[in-house]
Amino acid sequence: MKALIFAAGLGERMRPLTLHTPKPLLAVAGKPLIVWHLERLAAFGIRDVVINTAWLAEQFPATLGDGRQWDLQLHFMHEGDTPLETGGGILNALPALGDDPFLVVNGDIWTDFDFATLPREPAGEAHLVLVDNPAQHPAGDYRLDAHGVLHHDREGPCLTYAGIGVYRPSIVADWRAVIGKAAGSERVPPKFSVVPLQKHFMAQGRISGQHHRGRWTDVGTVDRLRALDVELAANG
């Protein structure tokens, strides 16, 4: 299995820290956020990791090298000055990801989630990890039923998508039919979110999920970054 780390965001909410450093390269407890992922992916047995980049893209290979220090092979996919968002990022990275299911993780989260609990072959188009709703997102995203199937109907309590999942390449095969003429879809390569595709396949019962009850942080503000740094440093 290969992995894709989303690292192309502009980090606008993290300014001024991200004026000169991409958010996934900001350090917590002495190492960049993205390195925490690389270490866990390597421990899981991943050997090929695709990293999409846009803002300050040149810093990623300069900081991470080719991945050999983690027994990984890193592949950097530069999206240009404007990120292609999650759906466009997946579509753009498919040549490097291949035809098999691949693991996806957001580069701006921190978690103790064990990648070994993920299925290598999702039952449907994707398998997503959800977490308890954080204070900044109390309504959550999707409902996880007793059979492990995800729904976006909000007919019950919802959990928050953790930014971790396993996707089949076919998740974006018919992206145009689902996205329509949404802003950015006219670009080459196109820019679009994977969320409408998630909801499209949820309506067909083709997205499964699991609830991670451990530690997880969306490092979306300077305050949350500093709090995470203090917590991890205190815990060794």
# chains A, B, ... in the order shown; residues from 1 in each chain; ligands from 1
call {"tool": "closest_atom_pairs", "arguments": {"of": "region 29-123 of chain A", "to": "region 174-196 of chain A", "cutoff": "9 Å", "atoms": "only C-alpha atoms", "output": "JSON lines"}}
result
{"residue": "A:Glu79", "atom": "CA", "partner": "A:Pro189", "partner_atom": "CA", "distance": 8.5}
{"residue": "A:Thr82", "atom": "CA", "partner": "A:Lys191", "partner_atom": "CA", "distance": 8.9}
{"residue": "A:Pro83", "atom": "CA", "partner": "A:Lys191", "partner_atom": "CA", "distance": 7.5}
{"residue": "A:Leu84", "atom": "CA", "partner": "A:Lys191", "partner_atom": "CA", "distance": 4.2}
{"residue": "A:Glu85", "atom": "CA", "partner": "A:Ser193", "partner_atom": "CA", "distance": 5.4}
{"residue": "A:Thr86", "atom": "CA", "partner": "A:Ser193", "partner_atom": "CA", "distance": 5.0}
{"residue": "A:Gly87", "atom": "CA", "partner": "A:Val194", "partner_atom": "CA", "distance": 4.0}
{"residue": "A:Gly88", "atom": "CA", "partner": "A:Lys191", "partner_atom": "CA", "distance": 4.8}
{"residue": "A:Gly89", "atom": "CA", "partner": "A:Lys191", "partner_atom": "CA", "distance": 7.7}
{"residue": "A:Ile90", "atom": "CA", "partner": "A:Val194", "partner_atom": "CA", "distance": 8.3}
{"residue": "A:Leu91", "atom": "CA", "partner": "A:Pro190", "partner_atom": "CA", "distance": 8.4}
{"residue": "A:Asn92", "atom": "CA", "partner": "A:Pro189", "partner_atom": "CA", "distance": 7.0}
call {"tool": "residues_around", "arguments": {"residues": "Gly9 (chain A)", "least_positions_apart": "6", "cutoff": "9 Å", "atoms": "only C-alpha atoms", "output": "JSON, numbers by chain"}}
result
{"A": [22, 23, 24, 53, 54, 55, 82, 83, 85, 107, 108]}
call {"tool": "closest_residue", "arguments": {"among": "A:Ala173, A:Val222, A:Cys158, A:Leu232", "to": "Arg13 (chain A)", "atoms": "only C-alpha atoms"}}
result
A:Val222
call {"tool": "select_by_dssp", "arguments": {"residues": "region 39-113 of chain A", "states": "strand (DSSP E or B)", "output": "count of residues only"}}
result
20
call {"tool": "select_by_dssp", "arguments": {"residues": "region 143-234 of chain A", "states": "alpha helix (DSSP H)", "output": "list in words"}}
result
Trp175, Arg176, Ala177, Val178, Ile179, Val195, Pro196, Leu197, Gln198, Lys199, His200, Phe201, Met202, Val222, Asp223, Arg224, Leu225, Arg226, Ala227, Leu228, Asp229, Val230, Glu231, Leu232, Ala233 and Ala234 of chain A
call {"tool": "write_last_selection", "arguments": {"atoms": "N, CA and C atoms", "output": "compact mmCIF listing (two decimals), in the first residue's frame"}}
result
# COMPACT_ATOMS: atom_id res chain seq x y z
N TRP A 175 -15.49 12.00 -11.16
CA TRP A 175 -15.57 13.24 -10.40
C TRP A 175 -16.36 14.31 -11.11
N ARG A 176 -16.24 14.39 -12.43
CA ARG A 176 -16.94 15.45 -13.18
C ARG A 176 -18.45 15.33 -13.05
N ALA A 177 -18.96 14.10 -13.08
CA ALA A 177 -20.41 13.89 -12.97
C ALA A 177 -20.93 14.32 -11.60
N VAL A 178 -20.10 14.17 -10.58
CA VAL A 178 -20.51 14.53 -9.21
C VAL A 178 -20.29 16.01 -8.95
N ILE A 179 -19.16 16.52 -9.35
CA ILE A 179 -18.79 17.91 -9.05
C ILE A 179 -19.53 18.89 -9.94
N VAL A 195 -15.04 16.03 -0.56
CA VAL A 195 -16.23 15.89 0.27
C VAL A 195 -17.49 15.55 -0.53
N PRO A 196 -17.78 16.23 -1.67
CA PRO A 196 -18.95 15.83 -2.44
C PRO A 196 -18.89 14.38 -2.93
N LEU A 197 -17.70 13.89 -3.20
CA LEU A 197 -17.54 12.49 -3.61
C LEU A 197 -17.80 11.56 -2.44
N GLN A 198 -17.31 11.93 -1.25
CA GLN A 198 -17.61 11.14 -0.07
C GLN A 198 -19.12 11.03 0.13
N LYS A 199 -19.81 12.15 0.07
CA LYS A 199 -21.25 12.15 0.29
C LYS A 199 -21.99 11.39 -0.80
N HIS A 200 -21.50 11.50 -2.02
CA HIS A 200 -22.12 10.78 -3.15
C HIS A 200 -22.12 9.28 -2.91
N PHE A 201 -20.97 8.75 -2.47
CA PHE A 201 -20.88 7.31 -2.25
C PHE A 201 -21.50 6.89 -0.92
N MET A 202 -21.55 7.80 0.05
CA MET A 202 -22.27 7.49 1.29
C MET A 202 -23.75 7.24 1.00
N VAL A 222 -2.54 28.79 15.77
CA VAL A 222 -1.28 28.91 16.50
C VAL A 222 -1.47 28.42 17.93
N ASP A 223 -2.60 28.73 18.53
CA ASP A 223 -2.85 28.30 19.91
C ASP A 223 -2.89 26.78 20.03
N ARG A 224 -3.54 26.11 19.07
CA ARG A 224 -3.61 24.65 19.14
C ARG A 224 -2.24 24.02 18.90
N LEU A 225 -1.43 24.64 18.05
CA LEU A 225 -0.07 24.15 17.84
C LEU A 225 0.74 24.25 19.12
N ARG A 226 0.65 25.38 19.79
CA ARG A 226 1.42 25.58 21.01
C ARG A 226 0.92 24.65 22.12
N ALA A 227 -0.39 24.45 22.21
CA ALA A 227 -0.93 23.55 23.23
C ALA A 227 -0.46 22.13 23.00
N LEU A 228 -0.44 21.70 21.73
CA LEU A 228 0.03 20.36 21.41
C LEU A 228 1.51 20.22 21.73
N ASP A 229 2.28 21.23 21.43
CA ASP A 229 3.72 21.19 21.72
C ASP A 229 3.97 21.04 23.21
N VAL A 230 3.23 21.78 24.01
CA VAL A 230 3.38 21.70 25.47
C VAL A 230 2.97 20.33 25.97
N GLU A 231 1.85 19.81 25.45
CA GLU A 231 1.36 18.50 25.89
C GLU A 231 2.35 17.39 25.57
N LEU A 232 2.86 17.37 24.35
CA LEU A 232 3.77 16.30 23.96
C LEU A 232 5.10 16.41 24.69
N ALA A 233 5.58 17.63 24.88
CA ALA A 233 6.84 17.82 25.61
C ALA A 233 6.69 17.35 27.06
N ALA A 234 5.53 17.62 27.64
CA ALA A 234 5.30 17.24 29.04
C ALA A 234 5.21 15.73 29.19
call {"tool": "atom_distance", "arguments": {"atom1": "CA of Pro61 (chain A)", "atom2": "CA of Ile171 (chain A)"}}
result
28.3 Å
call {"tool": "residues_around", "arguments": {"residues": "Leu64 (chain A)", "least_positions_apart": "3", "cutoff": "10 Å", "atoms": "only C-alpha atoms", "output": "list of chain:residue names"}}
result
A:Leu25, A:Pro32, A:Ile34, A:Val35, A:Leu38, A:Gln59, A:Phe60, A:Pro61, A:Gly67, A:Arg68, A:Gln69, A:Trp70, A:Leu74
call {"tool": "write_last_selection", "arguments": {"atoms": "N, CA and C atoms", "output": "tab-separated table (two decimals), in the first residue's frame"}}
result
chain	number	residue	atom	x	y	z
A	25	LEU	N	5.34	21.40	8.15
A	25	LEU	CA	6.74	21.41	8.58
A	25	LEU	C	6.94	22.14	9.90
A	32	PRO	N	8.92	18.12	12.90
A	32	PRO	CA	7.79	18.60	12.10
A	32	PRO	C	6.58	17.67	12.19
A	34	ILE	N	4.67	16.61	9.92
A	34	ILE	CA	4.65	15.58	8.89
A	34	ILE	C	5.59	14.42	9.22
A	35	VAL	N	6.64	14.66	9.98
A	35	VAL	CA	7.57	13.59	10.35
A	35	VAL	C	6.90	12.59	11.29
A	38	LEU	N	5.27	10.31	8.93
A	38	LEU	CA	6.23	9.47	8.20
A	38	LEU	C	6.73	8.33	9.07
A	59	GLN	N	10.55	23.65	0.29
A	59	GLN	CA	11.02	23.32	1.63
A	59	GLN	C	10.83	21.86	1.99
A	60	PHE	N	9.88	21.18	1.34
A	60	PHE	CA	9.62	19.79	1.69
A	60	PHE	C	10.79	18.87	1.33
A	61	PRO	N	11.25	18.84	0.09
A	61	PRO	CA	12.41	17.99	-0.19
A	61	PRO	C	13.67	18.48	0.53
A	67	GLY	N	13.52	10.47	1.91
A	67	GLY	CA	12.80	9.55	2.79
A	67	GLY	C	13.59	8.38	3.29
A	68	ARG	N	14.81	8.22	2.83
A	68	ARG	CA	15.56	7.00	3.17
A	68	ARG	C	15.84	6.88	4.67
A	69	GLN	N	15.87	8.01	5.38
A	69	GLN	CA	16.12	7.91	6.83
A	69	GLN	C	15.00	7.21	7.56
A	70	TRP	N	13.80	7.14	6.94
A	70	TRP	CA	12.69	6.38	7.52
A	70	TRP	C	12.43	5.08	6.75
A	74	LEU	N	10.02	8.97	-0.89
A	74	LEU	CA	9.10	10.09	-0.96
A	74	LEU	C	8.97	10.58	-2.40
call {"tool": "atom_distance", "arguments": {"atom1": "CA of Phe76 (chain A)", "atom2": "CA of Leu4 (chain A)"}}
result
9.9 Å
call {"tool": "atom_distance", "arguments": {"atom1": "CA of Pro119 (chain A)", "atom2": "CA of Val28 (chain A)"}}
result
28.8 Å
call {"tool": "closest_residue", "arguments": {"among": "A:Arg15, A:Lys2, A:Lys31, A:His147", "to": "Val104 (chain A)", "atoms": "only C-alpha atoms"}}
result
A:Lys2
call {"tool": "residues_around", "arguments": {"residues": "Tyr161 (chain A)", "least_positions_apart": "5", "cutoff": "8 Å", "atoms": "only C-alpha atoms", "output": "list in words"}}
result
Leu128, Val129, Leu130, Val131, Gly140, Asp141 and Tyr142 of chain A
call {"tool": "residues_around", "arguments": {"residues": "Trp110 (chain A)", "least_positions_apart": "3", "cutoff": "7 Å", "atoms": "only C-alpha atoms", "output": "VMD selection string"}}
result
chain A and resid 33 216 to 218
call {"tool": "decode", "arguments": {"residues": "region 151-213 of chain A", "atoms": "C-alpha atoms", "output": "JSON list (two decimals), in the first residue's frame"}}
result
[["chain", "number", "residue", "atom", "x", "y", "z"],
["A", 151, "HIS", "CA", -24.00, 8.55, 6.39],
["A", 152, "HIS", "CA", -24.26, 12.29, 5.82],
["A", 153, "ASP", "CA", -28.00, 12.56, 6.59],
["A", 154, "ARG", "CA", -27.49, 13.86, 10.15],
["A", 155, "GLU", "CA", -30.36, 11.71, 11.42],
["A", 156, "GLY", "CA", -28.36, 11.03, 14.56],
["A", 157, "PRO", "CA", -25.18, 12.12, 16.38],
["A", 158, "CYS", "CA", -22.29, 12.81, 14.04],
["A", 159, "LEU", "CA", -18.54, 12.46, 14.45],
["A", 160, "THR", "CA", -15.74, 14.47, 12.85],
["A", 161, "TYR", "CA", -13.72, 13.19, 9.90],
["A", 162, "ALA", "CA", -10.15, 12.85, 11.16],
["A", 163, "GLY", "CA", -8.42, 13.43, 7.83],
["A", 164, "ILE", "CA", -7.34, 9.77, 7.69],
["A", 165, "GLY", "CA", -8.69, 7.10, 5.37],
["A", 166, "VAL", "CA", -8.16, 4.44, 2.76],
["A", 167, "TYR", "CA", -9.43, 5.30, -0.72],
["A", 168, "ARG", "CA", -9.81, 3.38, -3.93],
["A", 169, "PRO", "CA", -8.65, 5.31, -7.02],
["A", 170, "SER", "CA", -12.20, 4.93, -8.33],
["A", 171, "ILE", "CA", -13.33, 7.52, -5.75],
["A", 172, "VAL", "CA", -12.41, 10.17, -8.35],
["A", 173, "ALA", "CA", -13.15, 8.18, -11.52],
["A", 174, "ASP", "CA", -16.42, 10.05, -12.22],
["A", 175, "TRP", "CA", -15.57, 13.24, -10.40],
["A", 176, "ARG", "CA", -16.94, 15.45, -13.18],
["A", 177, "ALA", "CA", -20.41, 13.89, -12.97],
["A", 178, "VAL", "CA", -20.51, 14.53, -9.21],
["A", 179, "ILE", "CA", -18.79, 17.91, -9.05],
["A", 180, "GLY", "CA", -20.46, 19.38, -12.11],
["A", 181, "LYS", "CA", -19.38, 22.94, -12.86],
["A", 182, "ALA", "CA", -18.22, 23.80, -9.35],
["A", 183, "ALA", "CA", -15.66, 26.59, -9.13],
["A", 184, "GLY", "CA", -12.20, 25.28, -9.95],
["A", 185, "SER", "CA", -13.43, 22.28, -11.95],
["A", 186, "GLU", "CA", -12.64, 24.09, -15.18],
["A", 187, "ARG", "CA", -8.95, 24.29, -14.34],
["A", 188, "VAL", "CA", -6.26, 21.98, -15.71],
["A", 189, "PRO", "CA", -5.56, 20.12, -13.52],
["A", 190, "PRO", "CA", -8.94, 20.59, -11.82],
["A", 191, "LYS", "CA", -9.39, 21.91, -8.30],
["A", 192, "PHE", "CA", -12.16, 20.37, -6.20],
["A", 193, "SER", "CA", -12.93, 18.92, -2.78],
["A", 194, "VAL", "CA", -13.29, 15.21, -2.08],
["A", 195, "VAL", "CA", -16.23, 15.89, 0.27],
["A", 196, "PRO", "CA", -18.95, 15.83, -2.44],
["A", 197, "LEU", "CA", -17.54, 12.49, -3.61],
["A", 198, "GLN", "CA", -17.61, 11.14, -0.07],
["A", 199, "LYS", "CA", -21.25, 12.15, 0.29],
["A", 200, "HIS", "CA", -22.12, 10.78, -3.15],
["A", 201, "PHE", "CA", -20.88, 7.31, -2.25],
["A", 202, "MET", "CA", -22.27, 7.49, 1.29],
["A", 203, "ALA", "CA", -25.72, 7.86, -0.26],
["A", 204, "GLN", "CA", -25.08, 4.48, -1.90],
["A", 205, "GLY", "CA", -23.80, 2.85, 1.29],
["A", 206, "ARG", "CA", -20.30, 2.57, -0.16],
["A", 207, "ILE", "CA", -18.24, 4.39, 2.48],
["A", 208, "SER", "CA", -17.32, 2.60, 5.71],
["A", 209, "GLY", "CA", -15.70, 4.03, 8.81],
["A", 210, "GLN", "CA", -14.32, 3.55, 12.28],
["A", 211, "HIS", "CA", -14.23, 5.64, 15.44],
["A", 212, "HIS", "CA", -10.82, 6.51, 16.86],
["A", 213, "ARG", "CA", -11.19, 7.30, 20.55]]
